[in-house]
>>> print(open('protein-v9.cif').read())   # mmCIF, C-alpha atoms
data_target
loop_
_atom_site.label_atom_id
_atom_site.label_comp_id
_atom_site.auth_asym_id
_atom_site.auth_seq_id
_atom_site.Cartn_x
_atom_site.Cartn_y
_atom_site.Cartn_z
CA MET F 12 -3.81 -33.16 13.70
CA VAL F 13 -1.27 -30.59 14.97
CA LYS F 14 -0.84 -27.86 12.40
CA GLY F 15 2.27 -25.82 11.68
CA SER F 16 5.94 -26.38 10.98
CA GLY F 17 8.22 -28.39 13.23
CA SER F 18 9.47 -25.15 14.81
CA ILE F 19 6.03 -23.84 15.74
CA ARG F 20 4.97 -27.25 17.06
CA ARG F 21 8.07 -27.45 19.25
CA ARG F 22 7.37 -23.96 20.54
CA ARG F 23 3.74 -24.75 21.41
CA LEU F 24 4.80 -27.96 23.12
CA GLY F 25 7.51 -26.10 25.04
CA ILE F 26 5.02 -23.48 26.24
CA GLU F 27 2.67 -26.18 27.52
CA LEU F 28 5.47 -28.09 29.22
CA ARG F 29 6.64 -24.89 30.92
CA GLU F 30 3.11 -24.17 32.16
CA LEU F 31 2.81 -27.71 33.55
CA ARG F 32 6.21 -27.42 35.26
CA THR F 33 5.48 -24.09 36.90
CA ALA F 34 2.03 -25.29 38.01
CA LYS F 35 3.79 -28.20 39.74
CA GLY F 36 6.21 -25.75 41.40
CA LEU F 37 9.35 -27.24 39.86
CA THR F 38 12.40 -25.34 38.61
CA LEU F 39 14.36 -26.12 35.45
CA ASP F 40 17.27 -27.19 37.68
CA GLU F 41 15.08 -29.75 39.41
CA VAL F 42 13.80 -31.14 36.11
CA ALA F 43 17.33 -31.33 34.71
CA ARG F 44 18.56 -33.24 37.78
CA ARG F 45 15.61 -35.62 37.62
CA PHE F 46 16.46 -36.67 34.04
CA ASP F 47 20.23 -36.20 34.24
CA TRP F 48 20.02 -33.41 31.64
CA SER F 49 21.86 -30.13 31.49
CA VAL F 50 19.80 -27.11 32.50
CA SER F 51 20.52 -25.76 29.03
CA LYS F 52 18.80 -28.77 27.42
CA ALA F 53 15.74 -28.41 29.65
CA SER F 54 15.55 -24.71 28.77
CA ARG F 55 15.94 -25.35 25.03
CA ILE F 56 13.06 -27.85 25.14
CA GLU F 57 10.77 -25.30 26.76
CA ARG F 58 11.80 -22.63 24.27
CA GLY F 59 11.10 -24.95 21.35
CA LEU F 60 14.69 -24.84 20.10
CA VAL F 61 15.23 -28.60 20.04
CA PRO F 62 12.96 -31.58 19.36
CA VAL F 63 11.94 -33.77 22.30
CA SER F 64 11.19 -37.47 22.04
CA PRO F 65 7.69 -38.82 22.76
CA ARG F 66 9.24 -40.93 25.56
CA ASP F 67 10.73 -37.84 27.24
CA VAL F 68 7.40 -36.03 26.93
CA THR F 69 5.62 -38.97 28.57
CA ASP F 70 8.14 -38.91 31.43
CA LEU F 71 7.81 -35.15 31.83
CA ALA F 72 4.02 -35.39 31.88
CA LYS F 73 4.18 -37.99 34.67
CA LEU F 74 6.63 -35.83 36.63
CA TYR F 75 4.25 -32.88 36.31
CA GLY F 76 1.32 -34.91 37.57
CA VAL F 77 -0.60 -35.26 34.30
CA ASP F 78 -2.86 -38.27 34.81
CA ASP F 79 -5.35 -37.76 31.98
CA PRO F 80 -4.44 -40.32 29.25
CA ASP F 81 -5.95 -38.12 26.53
CA HIS F 82 -3.81 -35.16 27.65
CA ILE F 83 -0.68 -37.31 27.64
CA ASP F 84 -1.55 -38.68 24.19
CA ALA F 85 -2.01 -35.12 22.88
CA LEU F 86 1.41 -34.09 24.22
CA VAL F 87 3.04 -37.18 22.72
CA ALA F 88 1.36 -36.50 19.35
CA MET F 89 2.67 -32.93 19.44
CA ALA F 90 6.18 -34.21 20.22
CA ALA F 91 6.06 -36.70 17.36
CA ALA F 92 4.80 -34.04 14.94
CA SER F 93 7.45 -31.56 16.09
CA ARG F 94 10.19 -33.92 14.94
CA GLN F 95 9.08 -33.63 11.31
CA ARG F 96 11.85 -32.39 9.07
CA ASP F 97 10.91 -29.27 7.12
CA TRP F 98 12.30 -28.33 3.68
CA TRP F 99 15.15 -26.19 5.00
CA HIS F 100 16.79 -29.08 6.84
CA LYS F 101 18.21 -30.06 3.46
CA TYR F 102 20.45 -26.99 3.95
CA ASP F 103 21.44 -27.59 7.59
CA ASP F 104 25.11 -27.60 6.61
CA LEU F 105 24.78 -24.00 5.38
CA LEU F 106 22.09 -22.41 7.56
CA PRO F 107 22.74 -21.49 11.22
CA ARG F 108 20.68 -23.65 13.59
CA GLN F 109 18.90 -20.65 15.09
CA PHE F 110 17.93 -19.45 11.63
CA SER F 111 16.45 -22.85 10.84
CA VAL F 112 14.26 -22.47 13.92
CA TYR F 113 13.27 -19.01 12.73
CA LEU F 114 12.31 -20.28 9.26
CA GLY F 115 9.74 -22.55 10.85
CA PHE F 116 8.16 -19.59 12.61
CA GLU F 117 8.30 -17.49 9.45
CA GLY F 118 6.36 -20.12 7.53
CA ASP F 119 3.54 -20.00 10.08
CA ALA F 120 3.39 -16.22 10.54
CA GLU F 121 0.30 -14.20 9.76
CA SER F 122 2.42 -11.09 9.20
CA ILE F 123 6.14 -10.40 8.68
CA HIS F 124 7.60 -7.00 9.53
CA THR F 125 11.17 -6.66 8.30
CA TYR F 126 13.69 -3.81 8.42
CA GLN F 127 17.05 -3.67 6.68
CA SER F 128 19.56 -0.84 6.79
CA LEU F 129 22.04 -1.96 4.11
CA LEU F 130 20.53 -4.85 2.13
CA ILE F 131 17.33 -5.75 0.36
CA PRO F 132 15.42 -8.18 2.65
CA GLY F 133 15.93 -11.84 1.80
CA LEU F 134 12.24 -12.35 1.03
CA LEU F 135 12.49 -9.71 -1.71
CA GLN F 136 15.85 -10.49 -3.30
CA THR F 137 16.29 -11.55 -6.92
CA GLU F 138 18.40 -14.57 -7.71
CA ALA F 139 21.28 -12.46 -9.09
CA TYR F 140 21.23 -10.08 -6.11
CA ALA F 141 21.21 -12.97 -3.63
CA ARG F 142 24.12 -14.62 -5.46
CA ALA F 143 26.15 -11.38 -5.30
CA ILE F 144 25.44 -11.06 -1.57
CA PHE F 145 26.49 -14.63 -0.83
CA ARG F 146 29.61 -14.29 -2.99
CA ALA F 147 30.70 -11.26 -0.97
CA ALA F 148 29.77 -12.72 2.42
CA GLN F 149 31.17 -16.24 1.83
CA PRO F 150 34.30 -15.75 -0.31
CA GLY F 151 35.71 -19.18 0.49
CA GLU F 152 32.70 -21.20 -0.61
CA THR F 153 32.47 -23.25 -3.79
CA ASP F 154 30.09 -22.51 -6.64
CA GLU F 155 27.96 -25.45 -5.54
CA GLN F 156 27.63 -24.10 -2.00
CA ILE F 157 26.68 -20.67 -3.29
CA ASP F 158 24.14 -22.26 -5.64
CA ARG F 159 22.55 -24.09 -2.72
CA ARG F 160 22.39 -20.91 -0.64
CA VAL F 161 20.62 -19.15 -3.50
CA GLU F 162 18.29 -22.12 -3.95
CA ALA F 163 17.34 -22.00 -0.27
CA ARG F 164 16.77 -18.25 -0.46
CA LEU F 165 14.39 -18.62 -3.43
CA LEU F 166 12.51 -21.50 -1.78
CA ARG F 167 12.03 -19.36 1.30
CA GLN F 168 10.42 -16.63 -0.80
CA THR F 169 7.52 -18.88 -1.83
CA ILE F 170 5.79 -18.17 1.49
CA VAL F 171 4.90 -14.61 0.44
CA LYS F 172 3.21 -15.73 -2.76
CA GLY F 173 -0.26 -17.17 -3.26
CA LYS F 174 -3.67 -16.64 -1.69
CA ASP F 175 -2.66 -17.73 1.85
CA ALA F 176 0.53 -15.65 1.94
CA PRO F 177 1.23 -13.61 5.08
CA GLN F 178 1.26 -9.83 5.05
CA LEU F 179 4.81 -8.63 4.38
CA TRP F 180 5.75 -5.13 5.50
CA ALA F 181 9.30 -4.21 4.53
CA ILE F 182 11.09 -1.04 5.59
CA LEU F 183 14.44 -0.28 3.95
CA ASP F 184 16.97 2.43 4.57
CA GLU F 185 17.66 4.39 1.38
CA ALA F 186 21.22 3.02 1.57
CA ALA F 187 19.83 -0.43 0.70
CA ILE F 188 18.42 0.77 -2.61
CA ARG F 189 21.46 2.90 -3.50
CA ARG F 190 24.22 0.34 -2.84
CA GLY F 191 25.31 -1.15 -6.18
CA VAL F 192 25.31 -4.82 -5.21
CA GLY F 193 26.45 -7.02 -8.11
CA GLY F 194 26.81 -4.15 -10.56
CA ARG F 195 24.36 -1.85 -12.30
CA ASP F 196 22.43 -4.53 -14.21
CA VAL F 197 21.89 -6.69 -11.15
CA MET F 198 20.81 -3.71 -9.07
CA HIS F 199 18.47 -2.36 -11.74
CA GLU F 200 16.75 -5.75 -11.95
CA GLN F 201 16.52 -5.90 -8.16
CA LEU F 202 14.92 -2.48 -7.85
CA ALA F 203 12.47 -3.25 -10.66
CA HIS F 204 11.58 -6.42 -8.76
CA LEU F 205 10.82 -4.37 -5.65
CA VAL F 206 8.48 -2.14 -7.64
CA SER F 207 6.61 -5.06 -9.20
CA THR F 208 6.42 -7.01 -5.94
CA SER F 209 4.97 -3.98 -4.14
CA MET F 210 1.90 -4.40 -6.35
CA GLN F 211 1.01 -7.65 -4.58
CA PRO F 212 -1.88 -7.00 -2.18
CA ASN F 213 0.00 -8.58 0.74
CA VAL F 214 3.24 -6.61 0.27
CA THR F 215 4.03 -3.07 1.46
CA ILE F 216 7.47 -1.52 0.96
CA GLN F 217 8.63 1.73 2.56
CA VAL F 218 11.97 3.54 2.46
CA VAL F 219 13.56 5.64 5.20
CA PRO F 220 15.12 8.49 3.15
CA PHE F 221 18.58 9.86 3.80
CA HIS F 222 17.15 13.19 4.91
CA ALA F 223 15.54 11.45 7.92
CA GLY F 224 18.95 11.68 9.57
CA ALA F 225 20.11 9.40 12.40
CA TYR F 226 17.64 7.05 14.07
CA MET F 227 17.56 4.22 16.60
CA SER F 228 17.72 1.18 14.33
CA MET F 229 20.15 2.29 11.64
CA ASP F 230 22.90 -0.01 12.97
CA GLY F 231 21.24 -3.28 11.92
CA GLY F 232 18.22 -5.13 10.59
CA PHE F 233 15.62 -7.29 12.28
CA ILE F 234 12.36 -9.13 11.56
CA ILE F 235 9.22 -9.32 13.71
CA LEU F 236 6.79 -12.20 13.16
CA ARG F 237 3.19 -12.15 14.33
CA PHE F 238 0.80 -15.11 14.38
CA ALA F 239 -2.93 -15.64 14.01
CA ASP F 240 -3.11 -17.81 17.13
CA ALA F 241 -3.08 -15.71 20.31
CA GLY F 242 -1.18 -18.54 21.99
CA ASP F 243 1.82 -17.96 19.73
CA PRO F 244 3.67 -14.83 20.98
CA ASP F 245 5.61 -12.59 18.58
CA VAL F 246 9.11 -13.66 17.52
CA VAL F 247 12.06 -11.46 16.50
CA CYS F 248 15.04 -12.54 14.40
CA VAL F 249 18.24 -10.48 14.38
CA ASP F 250 21.09 -11.29 11.96
CA ILE F 251 24.65 -10.81 13.16
CA ARG F 252 27.86 -11.68 11.38
CA THR F 253 28.19 -15.33 12.37
CA ARG F 254 24.66 -16.36 13.34
CA SER F 255 21.01 -15.43 13.59
CA LEU F 256 19.65 -14.50 17.01
CA TYR F 257 16.12 -15.66 17.76
CA VAL F 258 14.34 -13.52 20.38
CA ASP F 259 11.05 -14.34 22.11
CA ASP F 260 11.41 -12.67 25.51
CA PRO F 261 8.35 -10.33 25.73
CA ALA F 262 10.37 -7.36 27.03
CA GLU F 263 12.93 -7.65 24.22
CA VAL F 264 10.25 -8.17 21.59
CA ARG F 265 8.52 -5.04 22.85
CA ARG F 266 11.70 -3.00 22.34
CA TYR F 267 11.92 -4.15 18.72
CA THR F 268 8.24 -3.36 18.25
CA LEU F 269 8.81 0.19 19.47
CA ALA F 270 11.81 0.51 17.13
CA TYR F 271 9.65 -0.62 14.22
CA GLU F 272 6.97 1.91 15.11
CA GLN F 273 9.63 4.63 14.99
CA LEU F 274 10.71 3.41 11.57
CA LEU F 275 7.14 3.62 10.31
CA ALA F 276 7.01 7.23 11.46
CA LEU F 277 10.29 8.10 9.71
CA ALA F 278 9.70 6.24 6.44
CA ALA F 279 8.25 7.77 3.32
CA THR F 280 4.73 6.64 2.44
CA PRO F 281 4.43 3.52 0.27
CA ASP F 282 3.71 5.63 -2.84
CA GLU F 283 6.60 8.01 -2.13
CA SER F 284 8.86 5.05 -1.41
CA ILE F 285 8.13 3.44 -4.78
CA LYS F 286 9.06 6.72 -6.45
CA LEU F 287 12.38 6.68 -4.57
CA ILE F 288 13.00 3.11 -5.72
CA GLU F 289 12.08 3.93 -9.32
CA ALA F 290 14.45 6.92 -9.28
CA ALA F 291 17.27 4.73 -7.95
CA ALA F 292 16.51 2.15 -10.65
CA GLU F 293 16.79 4.84 -13.35
CA GLU F 294 20.22 5.76 -12.06
CA MET F 295 21.27 2.11 -12.45
CA ARG F 296 20.43 1.94 -16.17
#
>>> encode(input="protein-v9.cif", output="structure tokens")
Amino acid sequence: MVKGSGSIRRRRLGIELRELRTAKGLTLDEVARRFDWSVSKASRIERGLVPVSPRDVTDLAKLYGVDDPDHIDALVAMAAASRQRDWWHKYDDLLPRQFSVYLGFEGDAESIHTYQSLLIPGLLQTEAYARAIFRAAQPGETDEQIDRRVEARLLRQTIVKGKDAPQLWAILDEAAIRRGVGGRDVMHEQLAHLVSTSMQPNVTIQVVPFHAGAYMSMDGGFIILRFADAGDPDVVCVDIRTRSLYVDDPAEVRRYTLAYEQLLALAATPDESIKLIEAAAEEMR
């Protein structure tokens, strides 16, 4: 049985299909012409961004010279499994498509390294804080739509709880813990939640204090995912105003990794960071 979410299965299948294509000496253009596809579609299949039918996988395998029936059956099984709908597809009308892909990777990650300059990371938000964020960011939405966004946010958080939870390492700029999102009561509850959550053995929270001055990543947040399987390369997710950008190019991922290492050097220690959060919480009373 193929393990993992639909996203991770599609990615593994795409990697294998790309390896088979390059071994055969074919370009994406040639594959696209052969099946009357756009080059963009062929590329998205190899990057694991879209599901591919078992029939298309069978045809691709034949084109690439795969003649082992067991190998073809394994590829077809992976394609069928990759089409499974995960929980977040219930919210496809609200979540950007790229972010839905990312959620699949997040659910399979061994460790999650997140940085936010202005907001508390989504995996650590309280219900009231999340609601205040969505209200500000989506002023035209109905109460029902906001409720569903909050519901999806809280469901997402279940991955960092329990015995098999991934390691979560969150770095926040001090601005994120000082900004009074939702009012003093909401913010006080949020900061208290950070303190209590930091006591989980799989959660580490650090704060980059104001006195650290300017630094490379202060203009926006990002998340790096790492996986237990060496065949699953790191993934980066970057949120911008209208969509989430999913990055898996090794050179780009390396740049984000270096940025995160700089953040670790600038941030206060975990113990010092909790004291900063507790002090901010006191000011919100």
>>> resolve_selection(input="protein-v9.cif", expression="the PyMOL selection byres ((chain F and resi 53-60) around 10)", output="compact mmCIF listing (two decimals) with C-alpha atoms, keeping the file's coordinate frame")
# COMPACT_ATOMS: atom_id res chain seq x y z
CA GLY F 17 8.22 -28.39 13.23
CA SER F 18 9.47 -25.15 14.81
CA ILE F 19 6.03 -23.84 15.74
CA ARG F 20 4.97 -27.25 17.06
CA ARG F 21 8.07 -27.45 19.25
CA ARG F 22 7.37 -23.96 20.54
CA ARG F 23 3.74 -24.75 21.41
CA LEU F 24 4.80 -27.96 23.12
CA GLY F 25 7.51 -26.10 25.04
CA ILE F 26 5.02 -23.48 26.24
CA GLU F 27 2.67 -26.18 27.52
CA LEU F 28 5.47 -28.09 29.22
CA ARG F 29 6.64 -24.89 30.92
CA GLU F 30 3.11 -24.17 32.16
CA ARG F 32 6.21 -27.42 35.26
CA LEU F 39 14.36 -26.12 35.45
CA ASP F 40 17.27 -27.19 37.68
CA GLU F 41 15.08 -29.75 39.41
CA VAL F 42 13.80 -31.14 36.11
CA ALA F 43 17.33 -31.33 34.71
CA ARG F 44 18.56 -33.24 37.78
CA PHE F 46 16.46 -36.67 34.04
CA TRP F 48 20.02 -33.41 31.64
CA SER F 49 21.86 -30.13 31.49
CA VAL F 50 19.80 -27.11 32.50
CA SER F 51 20.52 -25.76 29.03
CA LYS F 52 18.80 -28.77 27.42
CA VAL F 61 15.23 -28.60 20.04
CA PRO F 62 12.96 -31.58 19.36
CA VAL F 63 11.94 -33.77 22.30
CA SER F 93 7.45 -31.56 16.09
CA ARG F 108 20.68 -23.65 13.59
CA GLN F 109 18.90 -20.65 15.09
CA SER F 111 16.45 -22.85 10.84
CA VAL F 112 14.26 -22.47 13.92
CA TYR F 113 13.27 -19.01 12.73
CA TYR F 257 16.12 -15.66 17.76
CA ASP F 259 11.05 -14.34 22.11
>>> resolve_selection(input="protein-v9.cif", expression="the PyMOL selection byres ((chain F and resi 105) around 10)", output="list in words")
Trp99, His100, Lys101, Tyr102, Asp103, Asp104, Leu106, Pro107, Arg108, Gln156, Ile157, Arg159, Arg160 and Ala163 of chain F
>>> closest_residue(input="protein-v9.cif", among="F:Met229, F:Leu86, F:Leu135, F:Leu202", to="Tyr271 in chain F", atoms="only C-alpha atoms")
F:Met229
>>> closest_residue(input="protein-v9.cif", among="F:Ala176, F:Ala241, F:Ile188, F:Ile182", to="Glu117 in chain F", atoms="all atoms listed in the file")
F:Ala176
>>> resolve_selection(input="protein-v9.cif", expression="the PyMOL selection byres ((chain F and resi 290) around 12)", output="PDB file with C-alpha atoms, in the frame of the given file")
ATOM      1  CA  GLU F 185      17.660   4.390   1.380  1.00  0.00           C
ATOM      2  CA  ILE F 188      18.420   0.770  -2.610  1.00  0.00           C
ATOM      3  CA  ARG F 189      21.460   2.900  -3.500  1.00  0.00           C
ATOM      4  CA  HIS F 199      18.470  -2.360 -11.740  1.00  0.00           C
ATOM      5  CA  LEU F 202      14.920  -2.480  -7.850  1.00  0.00           C
ATOM      6  CA  ALA F 203      12.470  -3.250 -10.660  1.00  0.00           C
ATOM      7  CA  VAL F 206       8.480  -2.140  -7.640  1.00  0.00           C
ATOM      8  CA  GLU F 283       6.600   8.010  -2.130  1.00  0.00           C
ATOM      9  CA  SER F 284       8.860   5.050  -1.410  1.00  0.00           C
ATOM     10  CA  ILE F 285       8.130   3.440  -4.780  1.00  0.00           C
ATOM     11  CA  LYS F 286       9.060   6.720  -6.450  1.00  0.00           C
ATOM     12  CA  LEU F 287      12.380   6.680  -4.570  1.00  0.00           C
ATOM     13  CA  ILE F 288      13.000   3.110  -5.720  1.00  0.00           C
ATOM     14  CA  GLU F 289      12.080   3.930  -9.320  1.00  0.00           C
ATOM     15  CA  ALA F 291      17.270   4.730  -7.950  1.00  0.00           C
ATOM     16  CA  ALA F 292      16.510   2.150 -10.650  1.00  0.00           C
ATOM     17  CA  GLU F 293      16.790   4.840 -13.350  1.00  0.00           C
ATOM     18  CA  GLU F 294      20.220   5.760 -12.060  1.00  0.00           C
ATOM     19  CA  MET F 295      21.270   2.110 -12.450  1.00  0.00           C
ATOM     20  CA  ARG F 296      20.430   1.940 -16.170  1.00  0.00           C
TER      21      ARG F 296
END
>>> closest_residue(input="protein-v9.cif", among="F:Glu272, F:Asp79, F:Asp97, F:Asp84", to="Gly115 in chain F", atoms="only C-alpha atoms")
F:Asp97
>>> atom_distance(input="protein-v9.cif", atom1="CA of Gln149 in chain F", atom2="CA of Val161 in chain F")
12.2 Å
>>> closest_residue(input="protein-v9.cif", among="F:Asp158, F:Asp81, F:Glu121, F:Asp250", to="Asn213 in chain F", atoms="only C-alpha atoms")
F:Glu121
>>> atom_distance(input="protein-v9.cif", atom1="CA of Pro132 in chain F", atom2="CA of Ser255 in chain F")
14.3 Å
>>> atom_distance(input="protein-v9.cif", atom1="CA of Ala92 in chain F", atom2="CA of Pro261 in chain F")
26.3 Å
>>> residues_near_point(input="protein-v9.cif", point="(5.4, -38.4, 20.1)", cutoff="9 Å", atoms="all atoms listed in the file", output="PyMOL selection string")
chain F and resi 63-69+84-94
>>> write_last_selection(input="protein-v9.cif", atoms="C-alpha atoms", output="PDB file, keeping the file's coordinate frame")
ATOM      1  CA  VAL F  63      11.940 -33.770  22.300  1.00  0.00           C
ATOM      2  CA  SER F  64      11.190 -37.470  22.040  1.00  0.00           C
ATOM      3  CA  PRO F  65       7.690 -38.820  22.760  1.00  0.00           C
ATOM      4  CA  ARG F  66       9.240 -40.930  25.560  1.00  0.00           C
ATOM      5  CA  ASP F  67      10.730 -37.840  27.240  1.00  0.00           C
ATOM      6  CA  VAL F  68       7.400 -36.030  26.930  1.00  0.00           C
ATOM      7  CA  THR F  69       5.620 -38.970  28.570  1.00  0.00           C
ATOM      8  CA  ASP F  84      -1.550 -38.680  24.190  1.00  0.00           C
ATOM      9  CA  ALA F  85      -2.010 -35.120  22.880  1.00  0.00           C
ATOM     10  CA  LEU F  86       1.410 -34.090  24.220  1.00  0.00           C
ATOM     11  CA  VAL F  87       3.040 -37.180  22.720  1.00  0.00           C
ATOM     12  CA  ALA F  88       1.360 -36.500  19.350  1.00  0.00           C
ATOM     13  CA  MET F  89       2.670 -32.930  19.440  1.00  0.00           C
ATOM     14  CA  ALA F  90       6.180 -34.210  20.220  1.00  0.00           C
ATOM     15  CA  ALA F  91       6.060 -36.700  17.360  1.00  0.00           C
ATOM     16  CA  ALA F  92       4.800 -34.040  14.940  1.00  0.00           C
ATOM     17  CA  SER F  93       7.450 -31.560  16.090  1.00  0.00           C
ATOM     18  CA  ARG F  94      10.190 -33.920  14.940  1.00  0.00           C
TER      19      ARG F  94
END
>>> closest_residue(input="protein-v9.cif", among="F:Thr125, F:Thr38, F:Thr153, F:Gln211", to="Ala181 in chain F", atoms="all atoms listed in the file")
F:Thr125
>>> closest_residue(input="protein-v9.cif", among="F:Ala72, F:Leu130, F:Leu256, F:Val214", to="Gly173 in chain F", atoms="all atoms listed in the file")
F:Val214
>>> residues_around(input="protein-v9.cif", residues="Tyr75 in chain F", least_positions_apart="6", cutoff="9 Å", atoms="only C-alpha atoms", output="number ranges by chain")
F: 28, 31-37
